[in-house]
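Below: one structure, written as structure tokens.
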Amino acid sequence: MSGLVVIGAQWGDEGKGKITDFLASGAELVIRYQGGNNAGHTVEVGDKSYKLHLIPSGIINEDCLCIIGDGVVIDPKAFIDETEYLEREGLRVTPSKLAISDRSHIIMPYHKVLDGISEEKRGSQSIGTTKKGIGPCYMDKHERSGIRVCDLLKPEVFKEKLKASLEIKNSIIKNIYGGEELDFNEIYNTYMEYAKILVPFVRDTTVEVYKGIKSGKKVLFEGAQGTLLDVDYGTYPYVTSSHPISGGVCVGAGVGPTAIKSAVGVCKAYTTRVGEGPFPTELLDEMGEHIREKGFEYGTTTGRSRRCGWLDLIILQYAVRISSLTSLAITKLDTLAGIDTLKVCVGYELNGTMIDYFPASLEDLAQCKPVYKEFKGWDSSVAKAKSYNELPKNAKIYLKFIEEFTGCKISIVSVGPNREETILVDESL
Ligand code: GDP
Ligand code: IMO
Ligand code: MG
């Protein structure tokens, strides 16, 4: 079996897009299996920088087919805008290059409205969502009132489902939140126009995934978000509404676990998160500001500044366990260059007791004080390294410790945003 999963091992924005693009060379398929256009994946190739939200990062590679799988929620407008943007950037985005699952759920205008107004209503308890309608769309899916791509392609079915849903949503928008009702005809007509553009891309994508896996060709599953944003294993309720972990691949792409050969966890050499919720190693001082500026830690999707902190190995150890990671890709080693002393979290102190696990209770997590081990830093020569051996000695000591602590080997080291600035440590990937 040939499936290789690329997931985020932290709170998202670890560099999954860059690593997926790097691994996509020689791949037959690249499949997104969860999330939607809440994701923002930046991929730099040569002097070009691509911003992807819904479309798999494999699209930059001429030779592979990209799939938006069953578990993804699709905003048709966002899809159309992104395909047009990529074509303007000179990429081919045709149905021979990109497919959409007919089982994916569709993000409707009321999902976006509800995402916005429910966040407002939460006030100081807000999650800090991207307001793309992701949560409300997954809510309808699980409540069994969602509208799928296959419904959009049947005008009569779509009309009935939209009518039923809109009646309830308008009542919620108006009566619970005091918002403005949405117009049926406007949504219907707009979505019928979208359907005409989407139709050539739509198919049962599980067939292609099955064939790719069966033939033994390289098949990549690209995660969005990250382990700590998983609705079950993340920092609930400050999470997204899908399963970014490797387990999400099976339901979101339509394959069984035996289709997966390996799983790479992408992890920054430090930690960041956007949105609310506890973050034990967060740096609210000058060092946090320095990392944010040096690493250009601003969100690709919302432009919000990312909260920055030291590397947390309790989190990484947890991600290795939850996703059965077979290796790690460590990114942004160059961002830490020039810092004299680096800290790495190796445990938490919770109410006077040392713990070595990631707690489920957010109240406990908020009380956790990180216990640090210090490391000597390295200089900017790190960005020029073309092989593992060329990395500065202290960077190698840092990486070795990550491997030892997590019990997971490092297969890729990234020392800059560009495709070229990537060191493949494990040739078998
Ligand atoms: P994703 O959501 O996991 O794909 O990550 P994002 O694209 O949101 O954020 C990662 C950012 O870091 C992007 O701007 C990348 O271009 C950039 N990046 C990735 N790897 C490296 C690296 O090794 N060094 C530096 N300096 N930037 C990197
Ligand atoms: P990529 O794929 C970082 C965060 C939001 C918020 C929470 C819920 O680029 O790593 P949602 O809109 O999903 O309901 O928001 O999840 N979030 C992300 N954070 N990277 C992402 O994607 C994210 N997608 C969602 O900030 O805290
Ligand atoms: Mg991102």
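Lettering and numbering for the structure tokens are positional, with chains as A, B, ... in the shown order, residues counted from 1 in each chain, and ligands counted from 1 in the shown order.
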Point to revise | Near-Thr300 (chain A) list (10 Å; only C-alpha atoms; drop same-chain fewer than 4 positions) as a ChimeraX atom specification | key: /A:13,38-42,51-53,304-305
For the selection you just gave me, I'd like the residues written to a file as a compact mmCIF listing (two decimals), in the first residue's frame, keeping N, CA and C atoms.
# COMPACT_ATOMS: atom_id res chain seq x y z
N ASP A 13 -0.86 25.64 10.54
CA ASP A 13 0.15 26.56 10.00
C ASP A 13 1.58 26.08 10.22
N ASN A 38 -11.12 27.29 5.40
CA ASN A 38 -10.54 27.87 6.62
C ASN A 38 -9.02 27.69 6.60
N ALA A 39 -8.54 26.72 5.81
CA ALA A 39 -7.10 26.47 5.70
C ALA A 39 -6.43 27.57 4.87
N GLY A 40 -5.16 27.77 5.14
CA GLY A 40 -4.36 28.67 4.32
C GLY A 40 -2.98 28.07 4.19
N HIS A 41 -2.65 27.58 3.01
CA HIS A 41 -1.37 26.91 2.81
C HIS A 41 -0.54 27.72 1.81
N THR A 42 0.59 28.23 2.26
CA THR A 42 1.46 29.01 1.37
C THR A 42 2.57 28.10 0.85
N LYS A 51 -1.00 30.88 -2.64
CA LYS A 51 -1.80 30.78 -1.41
C LYS A 51 -2.99 29.86 -1.71
N LEU A 52 -3.02 28.74 -1.03
CA LEU A 52 -4.09 27.76 -1.28
C LEU A 52 -4.98 27.65 -0.05
N HIS A 53 -6.27 27.47 -0.29
CA HIS A 53 -7.21 27.36 0.84
C HIS A 53 -8.00 26.06 0.78
N ARG A 304 -4.73 37.44 10.66
CA ARG A 304 -4.54 37.68 12.10
C ARG A 304 -3.10 37.34 12.50
N SER A 305 -2.58 38.04 13.53
CA SER A 305 -1.23 37.67 13.96
C SER A 305 -1.32 36.38 14.77
**Study point:** Asp183 (chain A) environment, 12 Å, only C-alpha atoms, sequence neighbours closer than 3 positions dropped, as a ChimeraX atom specification
**Key:** /A:109-110,162-163,166-167,169-170,180,186-190
**Study point:** Shell of 6 Å around region 142-155 of chain A, only C-alpha atoms, local chain residues under 6 positions omitted, as number ranges by chain
**Key:** A: 102-106
Review point. Which residues sit within 9 Å of ligand 2, counting only C-alpha atoms and all ligand atoms, listed as a ChimeraX atom specification?
Key: /A:8,10-17,35-42,52-53,115,127-136,223-226,229-230,237-242,244,272-277,299-302,304,306
Just write the chosen residues, C-alpha atoms, as an mmCIF file, in the first residue's frame.
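In the end it all went to out19.cif:
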data_model
loop_
_atom_site.group_PDB
_atom_site.id
_atom_site.type_symbol
_atom_site.label_atom_id
_atom_site.label_comp_id
_atom_site.auth_asym_id
_atom_site.auth_seq_id
_atom_site.Cartn_x
_atom_site.Cartn_y
_atom_site.Cartn_z
ATOM 1 C CA GLY A 8 -0.174 19.193 11.237
ATOM 2 C CA GLN A 10 0.441 21.409 16.395
ATOM 3 C CA TRP A 11 -2.296 24.076 16.021
ATOM 4 C CA GLY A 12 -2.093 24.430 12.238
ATOM 5 C CA ASP A 13 0.150 26.561 9.997
ATOM 6 C CA GLU A 14 3.098 24.224 10.505
ATOM 7 C CA GLY A 15 4.046 24.308 6.821
ATOM 8 C CA LYS A 16 1.883 21.399 5.594
ATOM 9 C CA GLY A 17 1.400 23.086 2.214
ATOM 10 C CA GLY A 35 -11.681 21.072 6.552
ATOM 11 C CA GLY A 36 -12.468 23.667 3.931
ATOM 12 C CA ASN A 37 -11.294 27.109 2.985
ATOM 13 C CA ASN A 38 -10.535 27.868 6.621
ATOM 14 C CA ALA A 39 -7.103 26.470 5.699
ATOM 15 C CA GLY A 40 -4.360 28.674 4.316
ATOM 16 C CA HIS A 41 -1.366 26.914 2.810
ATOM 17 C CA THR A 42 1.459 29.005 1.373
ATOM 18 C CA LEU A 52 -4.086 27.763 -1.278
ATOM 19 C CA HIS A 53 -7.209 27.363 0.838
ATOM 20 C CA ASP A 115 -20.581 31.388 11.973
ATOM 21 C CA ILE A 127 -13.562 30.524 19.557
ATOM 22 C CA GLY A 128 -11.912 32.865 17.088
ATOM 23 C CA THR A 129 -13.134 30.961 14.018
ATOM 24 C CA THR A 130 -12.226 31.963 10.473
ATOM 25 C CA LYS A 131 -15.945 32.781 9.890
ATOM 26 C CA LYS A 132 -15.979 30.728 6.709
ATOM 27 C CA GLY A 133 -19.064 28.762 7.779
ATOM 28 C CA ILE A 134 -17.087 25.593 8.555
ATOM 29 C CA GLY A 135 -18.634 24.742 11.954
ATOM 30 C CA PRO A 136 -22.273 25.341 10.913
ATOM 31 C CA GLY A 223 -4.183 17.486 6.138
ATOM 32 C CA ALA A 224 -5.457 20.944 6.925
ATOM 33 C CA GLN A 225 -5.447 22.497 10.413
ATOM 34 C CA GLY A 226 -3.589 20.389 13.004
ATOM 35 C CA LEU A 229 -7.590 21.652 16.301
ATOM 36 C CA ASP A 230 -9.110 18.163 15.951
ATOM 37 C CA PRO A 237 -13.977 23.749 22.235
ATOM 38 C CA TYR A 238 -11.175 25.880 20.704
ATOM 39 C CA VAL A 239 -10.935 23.555 17.737
ATOM 40 C CA THR A 240 -12.264 23.200 14.225
ATOM 41 C CA SER A 241 -15.188 20.884 13.419
ATOM 42 C CA SER A 242 -13.344 18.136 11.531
ATOM 43 C CA PRO A 244 -7.215 16.814 10.915
ATOM 44 C CA THR A 272 2.118 29.031 17.085
ATOM 45 C CA ARG A 273 -1.644 29.248 17.155
ATOM 46 C CA VAL A 274 -4.348 31.585 15.862
ATOM 47 C CA GLY A 275 -7.625 31.957 17.680
ATOM 48 C CA GLU A 276 -8.442 31.595 21.358
ATOM 49 C CA GLY A 277 -7.702 28.949 23.980
ATOM 50 C CA GLY A 299 -2.453 34.053 9.076
ATOM 51 C CA THR A 300 -2.792 33.254 5.362
ATOM 52 C CA THR A 301 -6.593 33.114 5.571
ATOM 53 C CA THR A 302 -7.542 35.881 8.013
ATOM 54 C CA ARG A 304 -4.536 37.681 12.097
ATOM 55 C CA ARG A 306 -0.335 34.230 15.259
#
Practice item. Find the residues around Thr335 (chain A) up to 7 Å (only C-alpha atoms counted), leave out those fewer than 3 positions away in its own chain, and share them as a PyMOL selection string. Key: chain A and resi 291+294-295+332
Written selection (all heavy atoms) as a PDB file, in the first residue's frame:
ATOM      1  N   ILE A 291       9.882  36.298  17.372  1.00  0.00           N
ATOM      2  CA  ILE A 291       9.592  35.103  16.560  1.00  0.00           C
ATOM      3  C   ILE A 291       8.497  35.426  15.544  1.00  0.00           C
ATOM      4  O   ILE A 291       8.582  35.045  14.376  1.00  0.00           O
ATOM      5  CB  ILE A 291       9.204  33.901  17.465  1.00  0.00           C
ATOM      6  CG1 ILE A 291      10.408  33.473  18.305  1.00  0.00           C
ATOM      7  CG2 ILE A 291       8.668  32.726  16.637  1.00  0.00           C
ATOM      8  CD1 ILE A 291      10.129  32.398  19.349  1.00  0.00           C
ATOM      9  N   LYS A 294      10.147  37.640  12.779  1.00  0.00           N
ATOM     10  CA  LYS A 294      11.160  36.917  12.000  1.00  0.00           C
ATOM     11  C   LYS A 294      10.506  35.806  11.172  1.00  0.00           C
ATOM     12  O   LYS A 294      10.863  35.565  10.023  1.00  0.00           O
ATOM     13  CB  LYS A 294      12.193  36.342  12.975  1.00  0.00           C
ATOM     14  CG  LYS A 294      13.321  35.569  12.359  1.00  0.00           C
ATOM     15  CD  LYS A 294      14.635  36.330  12.477  1.00  0.00           C
ATOM     16  CE  LYS A 294      15.749  35.679  11.678  1.00  0.00           C
ATOM     17  NZ  LYS A 294      16.422  34.622  12.399  1.00  0.00           N
ATOM     18  N   GLY A 295       9.512  35.136  11.774  1.00  0.00           N
ATOM     19  CA  GLY A 295       8.867  34.017  11.069  1.00  0.00           C
ATOM     20  C   GLY A 295       7.676  34.457  10.251  1.00  0.00           C
ATOM     21  O   GLY A 295       6.980  33.636   9.669  1.00  0.00           O
ATOM     22  N   LYS A 332      10.890  25.675   9.683  1.00  0.00           N
ATOM     23  CA  LYS A 332      11.224  27.005  10.212  1.00  0.00           C
ATOM     24  C   LYS A 332      12.394  27.006  11.206  1.00  0.00           C
ATOM     25  O   LYS A 332      12.426  27.828  12.129  1.00  0.00           O
ATOM     26  CB  LYS A 332       9.979  27.662  10.810  1.00  0.00           C
ATOM     27  CG  LYS A 332       8.850  27.765   9.779  1.00  0.00           C
ATOM     28  CD  LYS A 332       7.765  28.723  10.138  1.00  0.00           C
ATOM     29  CE  LYS A 332       7.962  30.065   9.511  1.00  0.00           C
ATOM     30  NZ  LYS A 332       6.732  30.882   9.418  1.00  0.00           N
TER      31      LYS A 332
END
